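> Got coords.csv for you, CSV, C-alpha atoms:
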chain,number,residue,atom,x,y,z
A,869,MET,CA,7.5,72.9,8.3
A,870,ASN,CA,5.1,69.9,7.9
A,871,HIS,CA,1.7,71.2,6.8
A,872,HIS,CA,0.1,67.7,6.7
A,873,ARG,CA,0.2,67.3,10.5
A,874,LYS,CA,-2.8,68.1,12.5
A,875,HIS,CA,-0.8,69.3,15.5
A,876,PRO,CA,2.5,70.8,14.5
A,877,ASP,CA,3.9,70.8,18.0
A,878,ARG,CA,3.3,67.0,18.5
A,879,PRO,CA,5.8,64.6,16.9
A,880,PHE,CA,4.5,62.1,14.3
A,881,ARG,CA,3.4,58.8,15.7
A,882,ARG,CA,2.3,55.8,13.7
A,883,ARG,CA,-1.2,54.5,14.6
A,884,ALA,CA,-1.0,51.4,16.9
A,885,ILE,CA,-2.3,48.3,15.1
A,886,PRO,CA,-3.9,45.8,17.5
A,887,GLY,CA,-2.8,42.2,17.4
A,888,ASP,CA,0.1,39.9,18.0
A,889,HIS,CA,3.4,41.4,16.8
A,890,THR,CA,5.7,38.4,17.4
A,891,PRO,CA,7.6,37.7,14.3
A,892,ASN,CA,6.3,34.8,12.1
A,893,SER,CA,3.1,34.4,14.2
A,894,SER,CA,1.2,33.6,11.0
A,895,GLY,CA,3.8,31.3,9.6
A,896,TYR,CA,3.9,27.7,8.5
A,897,ARG,CA,7.0,25.5,8.7
A,898,VAL,CA,7.8,22.4,6.6
A,899,THR,CA,10.5,20.1,8.0
A,900,ALA,CA,11.5,17.2,5.7
A,901,SER,CA,14.1,14.5,6.6
A,902,TRP,CA,15.5,11.7,4.5
A,903,ASP,CA,17.0,8.4,5.7
A,904,ALA,CA,20.0,9.0,3.5
A,905,ARG,CA,20.9,12.2,5.5
A,906,PRO,CA,18.9,12.3,8.8
A,907,ASP,CA,21.3,14.9,10.2
A,908,ARG,CA,20.5,17.5,7.5
A,909,PRO,CA,16.7,18.0,7.3
A,910,ALA,CA,15.2,20.6,4.9
A,911,ILE,CA,13.3,23.3,6.8
A,912,ARG,CA,11.3,25.9,4.9
A,913,SER,CA,9.1,28.6,6.5
A,914,THR,CA,6.4,30.6,4.8
A,915,PRO,CA,3.4,32.7,5.7
A,916,ASP,CA,1.5,31.1,2.8
A,917,ARG,CA,-0.4,27.9,3.9
A,918,LYS,CA,-1.0,26.6,0.4
A,919,LYS,CA,2.7,27.1,-0.6
A,920,ALA,CA,3.7,25.2,2.6
A,921,ALA,CA,1.2,22.4,1.8
A,922,ARG,CA,2.6,22.2,-1.7
A,923,LEU,CA,6.2,22.0,-0.4
A,924,ALA,CA,5.2,19.2,2.0
A,925,ARG,CA,3.7,17.2,-0.9
A,926,GLU,CA,6.8,17.7,-3.0
A,927,TYR,CA,9.1,16.6,-0.2
A,928,ALA,CA,6.9,13.6,0.4
A,929,ASP,CA,7.0,12.7,-3.3
A,930,GLN,CA,10.8,12.7,-3.0
A,931,GLY,CA,10.5,10.0,-0.2
A,932,ALA,CA,11.0,12.3,2.8
A,933,TYR,CA,9.3,12.1,6.2
A,934,VAL,CA,7.6,15.5,6.4
A,935,LEU,CA,6.2,17.5,9.3
A,936,PHE,CA,3.8,20.3,8.4
A,937,GLU,CA,3.5,22.8,11.3
A,938,GLN,CA,1.7,26.0,12.1
A,939,HIS,CA,3.3,28.7,14.3
A,940,ARG,CA,1.5,29.2,17.6
A,941,GLY,CA,3.5,32.2,18.7
A,942,HIS,CA,6.6,32.5,20.9
A,943,ASN,CA,8.4,29.8,18.9
A,944,ARG,CA,5.8,27.1,19.7
A,945,TRP,CA,4.6,25.0,16.7
A,946,ARG,CA,1.5,22.9,16.2
A,947,THR,CA,1.8,19.9,13.9
A,948,LEU,CA,-0.9,20.0,11.3
A,949,ALA,CA,0.2,16.9,9.3
A,950,GLU,CA,2.8,14.2,9.2
A,951,LEU,CA,3.6,12.6,5.8
A,952,ASP,CA,5.6,9.4,5.4
A,953,GLY,CA,7.0,9.8,1.9
A,954,ARG,CA,8.5,6.4,1.7
A,955,ALA,CA,5.2,4.7,2.6
A,956,LEU,CA,3.3,6.9,0.1
A,957,LEU,CA,5.7,6.0,-2.7
A,958,ALA,CA,5.5,2.3,-1.8
A,959,GLU,CA,1.7,2.5,-1.9
A,960,ARG,CA,1.9,4.2,-5.3
A,961,ARG,CA,4.3,1.5,-6.6
A,962,ALA,CA,1.9,-1.3,-5.2
A,963,GLU,CA,-1.0,0.3,-7.1
A,964,GLN,CA,1.0,0.3,-10.3
A,965,GLN,CA,2.1,-3.3,-9.7
A,966,LEU,CA,-1.6,-4.3,-9.3
A,967,ALA,CA,-2.4,-2.8,-12.7
A,968,ALA,CA,0.8,-4.3,-14.3
A,969,GLU,CA,0.1,-7.8,-13.0
A,970,GLN,CA,-3.6,-7.4,-14.0
A,971,HIS,CA,-5.0,-8.0,-10.6
A,972,PRO,CA,-8.3,-6.4,-9.6
A,973,ALA,CA,-7.8,-2.9,-8.1
A,974,THR,CA,-8.0,-2.4,-4.4
A,975,PRO,CA,-11.7,-2.0,-3.3
A,976,ALA,CA,-12.6,1.2,-1.6
A,977,ALA,CA,-14.0,-0.7,1.4
A,978,TYR,CA,-10.7,-2.7,1.9
A,979,ARG,CA,-9.0,-1.0,4.8
A,980,PRO,CA,-7.0,-3.5,6.9
A,981,GLY,CA,-4.1,-1.2,7.8
A,982,GLU,CA,-4.9,2.2,6.4
A,983,PRO,CA,-1.5,3.5,5.3
A,984,ASP,CA,-0.5,0.3,3.4
A,985,ARG,CA,-3.8,-1.0,2.1
A,986,HIS,CA,-2.6,-1.3,-1.6
A,987,ARG,CA,0.5,-3.2,-0.5
A,988,THR,CA,-1.5,-5.8,1.6
A,989,TRP,CA,-4.0,-6.1,-1.2
A,990,LEU,CA,-1.2,-6.7,-3.8
A,991,ASP,CA,0.4,-9.4,-1.5
A,992,TRP,CA,-3.0,-11.1,-1.1
A,993,MET,CA,-3.7,-11.0,-4.9
A,994,ARG,CA,-0.2,-12.4,-5.5
A,995,ALA,CA,-0.7,-15.2,-3.0
A,996,LYS,CA,-4.1,-16.0,-4.5
A,997,ALA,CA,-2.7,-16.1,-8.0
A,998,GLU,CA,0.1,-18.4,-6.8
A,999,ALA,CA,-2.3,-20.7,-5.1
A,1000,ASP,CA,-4.6,-20.8,-8.2
A,1001,GLN,CA,-1.5,-21.6,-10.4
A,1002,ARG,CA,-0.4,-24.3,-8.0
A,1003,ALA,CA,-4.0,-25.8,-8.0
A,1004,ARG,CA,-4.1,-25.7,-11.8
A,1005,ALA,CA,-0.6,-27.4,-12.0
A,1006,ASP,CA,-1.7,-30.1,-9.5
A,1007,ALA,CA,-5.0,-30.7,-11.5
A,1008,ASP,CA,-3.0,-30.8,-14.7
A,1009,ARG,CA,-0.4,-33.3,-13.2
A,1010,ARG,CA,-3.3,-35.6,-12.0
A,1011,ARG,CA,-5.0,-35.4,-15.3
A,1012,ARG,CA,-1.8,-36.4,-17.1
A,1013,ARG,CA,-1.1,-39.2,-14.7
A,1014,LEU,CA,-4.6,-40.6,-15.1
A,1015,ALA,CA,-4.3,-40.4,-18.9
A,1016,ALA,CA,-1.0,-42.2,-18.8
A,1017,GLU,CA,-2.4,-44.9,-16.6
A,1018,ALA,CA,-5.4,-45.3,-18.9
A,1019,THR,CA,-3.2,-45.7,-22.0
A,1020,THR,CA,-0.9,-48.2,-20.3
A,1021,HIS,CA,-3.8,-50.3,-19.0
A,1022,ALA,CA,-6.2,-49.8,-21.9
A,1023,ARG,CA,-5.1,-52.8,-23.9
A,1024,ALA,CA,-5.2,-55.1,-20.9
A,1025,LEU,CA,-8.6,-53.8,-20.0
A,1026,MET,CA,-10.0,-54.2,-23.5
A,1027,THR,CA,-8.7,-57.8,-24.0
A,1028,PRO,CA,-10.7,-60.7,-22.5
A,1029,PRO,CA,-9.1,-62.5,-19.6
A,1030,ASP,CA,-6.7,-65.4,-20.4
A,1031,THR,CA,-8.1,-68.9,-19.9
A,1032,VAL,CA,-6.9,-70.2,-16.6
A,1033,ARG,CA,-4.5,-73.2,-16.8
A,1034,PRO,CA,-6.5,-76.5,-16.5
A,1035,ASP,CA,-4.3,-77.9,-13.7
A,1036,ALA,CA,-4.9,-74.8,-11.6
A,1037,GLN,CA,-8.6,-75.0,-12.3
A,1038,ARG,CA,-10.8,-76.1,-9.4
A,1039,ARG,CA,-13.4,-78.7,-10.1
A,1040,ALA,CA,-16.9,-77.7,-9.5
A,1041,ARG,CA,-18.6,-79.6,-6.6
A,1042,HIS,CA,-22.0,-80.5,-7.4
A,1043,VAL,CA,-23.9,-80.7,-4.2
A,1044,THR,CA,-27.5,-81.7,-3.9
A,1045,GLY,CA,-29.8,-79.4,-2.1
A,1046,ALA,CA,-30.4,-81.6,0.9
A,1047,GLN,CA,-26.8,-81.5,2.0
A,1048,ARG,CA,-26.4,-77.8,1.8
Would you put the structure from the file into structure tokens?

Amino acid sequence: MNHHRKHPDRPFRRRAIPGDHTPNSSGYRVTASWDARPDRPAIRSTPDRKKAARLAREYADQGAYVLFEQHRGHNRWRTLAELDGRALLAERRAEQQLAAEQHPATPAAYRPGEPDRHRTWLDWMRAKAEADQRARADADRRRRRLAAEATTHARALMTPPDTVRPDAQRRARHVTGAQR
């Protein structure tokens, strides 16, 4: 006989806990897909939001396109975030390239196309550097050409002009003032 029951003639019943009892109603789902295998996405579910966010970041770092979703009950999901892993990796590489090529870092206010701001800045800096180099090369070529011209014509410019042959010389006409 159970002595811990208040009413021995009534069967034991667990206290009803209010709230939604649908399975996984407090769950988060991370779906990651790669271009290499689009038919086999990685799908992980967990009730821990922080763990799900960490998983999403890890998959994005591997170059996956990631959907971070929250369960809304009855197998309905709400997308909390979408991460394009390939774009994020390309941005990171562009940032490293900027440092490696010794261009100035992307300014915080530079936001042309938000997801690929570092890449557009890198392209702009490369084009600017190329234009500067071309301008320097053009100036250098012009300077060399002028120096070469100066050396070839220097002797001719420094010597006095040759006397004109007498037969080709025109006689001066002395005209009086009244006939002018």
> Around the point (0.8, 23.1, 2.5), in the coordinates given by the file, pick out the residues reaching within 12 Å, counting only C-alpha atoms, and return them as JSON, numbers by chain.
{"A": [895, 896, 897, 898, 899, 912, 913, 914, 915, 916, 917, 918, 919, 920, 921, 922, 923, 924, 925, 926, 927, 928, 934, 935, 936, 937, 938, 947, 948, 949, 950, 951]}
> Using C-alpha atoms, can you export the residues from the last selection as an mmCIF file, keeping the file's coordinate frame?

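part_7.cif, freshly written:
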data_model
loop_
_atom_site.group_PDB
_atom_site.id
_atom_site.type_symbol
_atom_site.label_atom_id
_atom_site.label_comp_id
_atom_site.auth_asym_id
_atom_site.auth_seq_id
_atom_site.Cartn_x
_atom_site.Cartn_y
_atom_site.Cartn_z
ATOM 1 C CA GLY A 895 3.800 31.300 9.600
ATOM 2 C CA TYR A 896 3.900 27.700 8.500
ATOM 3 C CA ARG A 897 7.000 25.500 8.700
ATOM 4 C CA VAL A 898 7.800 22.400 6.600
ATOM 5 C CA THR A 899 10.500 20.100 8.000
ATOM 6 C CA ARG A 912 11.300 25.900 4.900
ATOM 7 C CA SER A 913 9.100 28.600 6.500
ATOM 8 C CA THR A 914 6.400 30.600 4.800
ATOM 9 C CA PRO A 915 3.400 32.700 5.700
ATOM 10 C CA ASP A 916 1.500 31.100 2.800
ATOM 11 C CA ARG A 917 -0.400 27.900 3.900
ATOM 12 C CA LYS A 918 -1.000 26.600 0.400
ATOM 13 C CA LYS A 919 2.700 27.100 -0.600
ATOM 14 C CA ALA A 920 3.700 25.200 2.600
ATOM 15 C CA ALA A 921 1.200 22.400 1.800
ATOM 16 C CA ARG A 922 2.600 22.200 -1.700
ATOM 17 C CA LEU A 923 6.200 22.000 -0.400
ATOM 18 C CA ALA A 924 5.200 19.200 2.000
ATOM 19 C CA ARG A 925 3.700 17.200 -0.900
ATOM 20 C CA GLU A 926 6.800 17.700 -3.000
ATOM 21 C CA TYR A 927 9.100 16.600 -0.200
ATOM 22 C CA ALA A 928 6.900 13.600 0.400
ATOM 23 C CA VAL A 934 7.600 15.500 6.400
ATOM 24 C CA LEU A 935 6.200 17.500 9.300
ATOM 25 C CA PHE A 936 3.800 20.300 8.400
ATOM 26 C CA GLU A 937 3.500 22.800 11.300
ATOM 27 C CA GLN A 938 1.700 26.000 12.100
ATOM 28 C CA THR A 947 1.800 19.900 13.900
ATOM 29 C CA LEU A 948 -0.900 20.000 11.300
ATOM 30 C CA ALA A 949 0.200 16.900 9.300
ATOM 31 C CA GLU A 950 2.800 14.200 9.200
ATOM 32 C CA LEU A 951 3.600 12.600 5.800
#
> Please compute the CA of Asp1000 (chain A)-CA of Pro972 (chain A) distance, one decimal, in Å.
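Computing the Euclidean distance for CA of Asp1000 (chain A) and CA of Pro972 (chain A) yields 14.9 Å.
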> At what distance in Å, to one decimal, does CA of Arg946 (chain A) lie from CA of Arg905 (chain A)?
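Separation of CA of Arg905 (chain A) and CA of Arg946 (chain A): 24.6 Å.
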> When distances are computed from all atoms listed in the file, which of A:Ala958, A:Ala900, A:Ile911, A:Leu966 shows the smallest separation from Asp991 (chain A)?
A:Leu966
> Report the distance between CA of Ala967 (chain A) and CA of Asp929 (chain A) in Å, rounded to one decimal place.
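Value for the CA of Ala967 (chain A)-CA of Asp929 (chain A) distance: 20.4 Å.
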> Which residue, A:His1021, A:His971, A:Arg1013, A:Gly941, has the smallest gap to Ala997 (chain A) when you use all atoms listed in the file?
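Ranked by minimum distance to Ala997 (chain A), first place goes to A:His971.
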> Nearest to His942 (chain A) among A:Thr1020, A:Ser894, A:Ala1015, A:Ala1003, with distances taken over only C-alpha atoms: which residue is it?
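Residue with the minimum atom-to-atom distance to His942 (chain A): A:Ser894.
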